[in-house]
Amino acid sequence: MNYTCIGQTVLNYRKKKGLTIREFAVSSGISTSLISQIERGQANPSLSVLELIAKALNVPLYTLFINEIDTTALISRKKDRTSVYRKNNDHIVYDVLTPDFMKAHIELLMMDLNAHASTTESYYTHTDKEEIAVVMKGETYIELCGQEYFLTEGDVVRIPPNVKHRFINKSDFPNNILFVLTPSLY
């Protein structure tokens, strides 16, 4: 087990809560010296100590262990990517580009939108995500709340949560759009 990772996780949670080591020691019932040793990866905390830490931080115990990083999972090889098809899979394909997708706090997708196609007949709305889209190849239109905008290669659009939107390819050539989606901050 990597105690440095557990210690770093404890340190991150403590700082996120705005607690000094002394304040955290009081709330957890653990000595300041032991907390310091744990955060620096120099202590082998018992399960009961980890339970006290998790309780004081108000986090599930298992979250102290999920900071283990498999560095091989941080690379997304083109040949191994997952493609996501919408109902209209003749016209739209999304490639999931995000390495270690299930653990990431950001989504990176590449969409191929065929000629004379749209992402949906009506609109998409994300209630819990903010989205940035970059036209990588070709030209497209985006509808934002019913207003249509023309975009060319290199243009970027920001789509806040709850904004109705869709992409329309009116050209005779497919286009390629890169999406970055993050959870909302509120």
# chains A, B, ... in the order shown; residues from 1 in each chain; ligands from 1
>>> residues_around(residues="segment 172-174 of chain A", least_positions_apart="6", cutoff="8 Å", atoms="only C-alpha atoms", output="list in words")
Asp112, Leu113, Asn114, Ala115, His116 and Gly138 of chain A
>>> write_last_selection(atoms="C-alpha atoms", output="PDB file, in the first residue's frame")
ATOM      1  CA  ASP A 112     -17.910  13.399 -36.396  1.00  0.00           C
ATOM      2  CA  LEU A 113     -21.037  14.982 -37.864  1.00  0.00           C
ATOM      3  CA  ASN A 114     -21.781  13.880 -41.416  1.00  0.00           C
ATOM      4  CA  ALA A 115     -22.845  16.199 -44.230  1.00  0.00           C
ATOM      5  CA  HIS A 116     -26.398  17.567 -43.993  1.00  0.00           C
ATOM      6  CA  GLY A 138     -15.001  21.853 -41.518  1.00  0.00           C
TER       7      GLY A 138
END
>>> residues_around(residues="segment 48-51 of chain A", least_positions_apart="6", cutoff="12 Å", atoms="only C-alpha atoms", output="VMD selection string")
chain A and resid 3 6 to 7 9 to 10 25 28 to 31 34 to 35 38 to 39 57 to 65
>>> closest_residue(among="A:Ile168, A:Ile66, A:Leu151, A:Ile53", to="Thr120 of chain A", atoms="only C-alpha atoms")
A:Ile168
>>> residues_around(residues="segment 128-136 of chain A", least_positions_apart="2", cutoff="7 Å", atoms="only C-alpha atoms", output="number ranges by chain")
A: 126, 138, 152-161, 176-184
>>> atom_distance(atom1="atom CA of Lys17 of chain A", atom2="atom CA of Ser36 of chain A")
16.3 Å
>>> atom_distance(atom1="atom CA of His165 of chain A", atom2="atom CA of Tyr124 of chain A")
5.3 Å
>>> select_by_dssp(residues="segment 88-175 of chain A", states="strand (DSSP E or B)", output="ChimeraX atom specification")
/A:92-96,107-113,117-118,124,129-137,139-144,147-152,156-159,165-169,175
>>> closest_residue(among="A:Cys5, A:Ala117, A:Pro45, A:Leu52", to="Phe24 of chain A", atoms="only C-alpha atoms")
A:Leu52
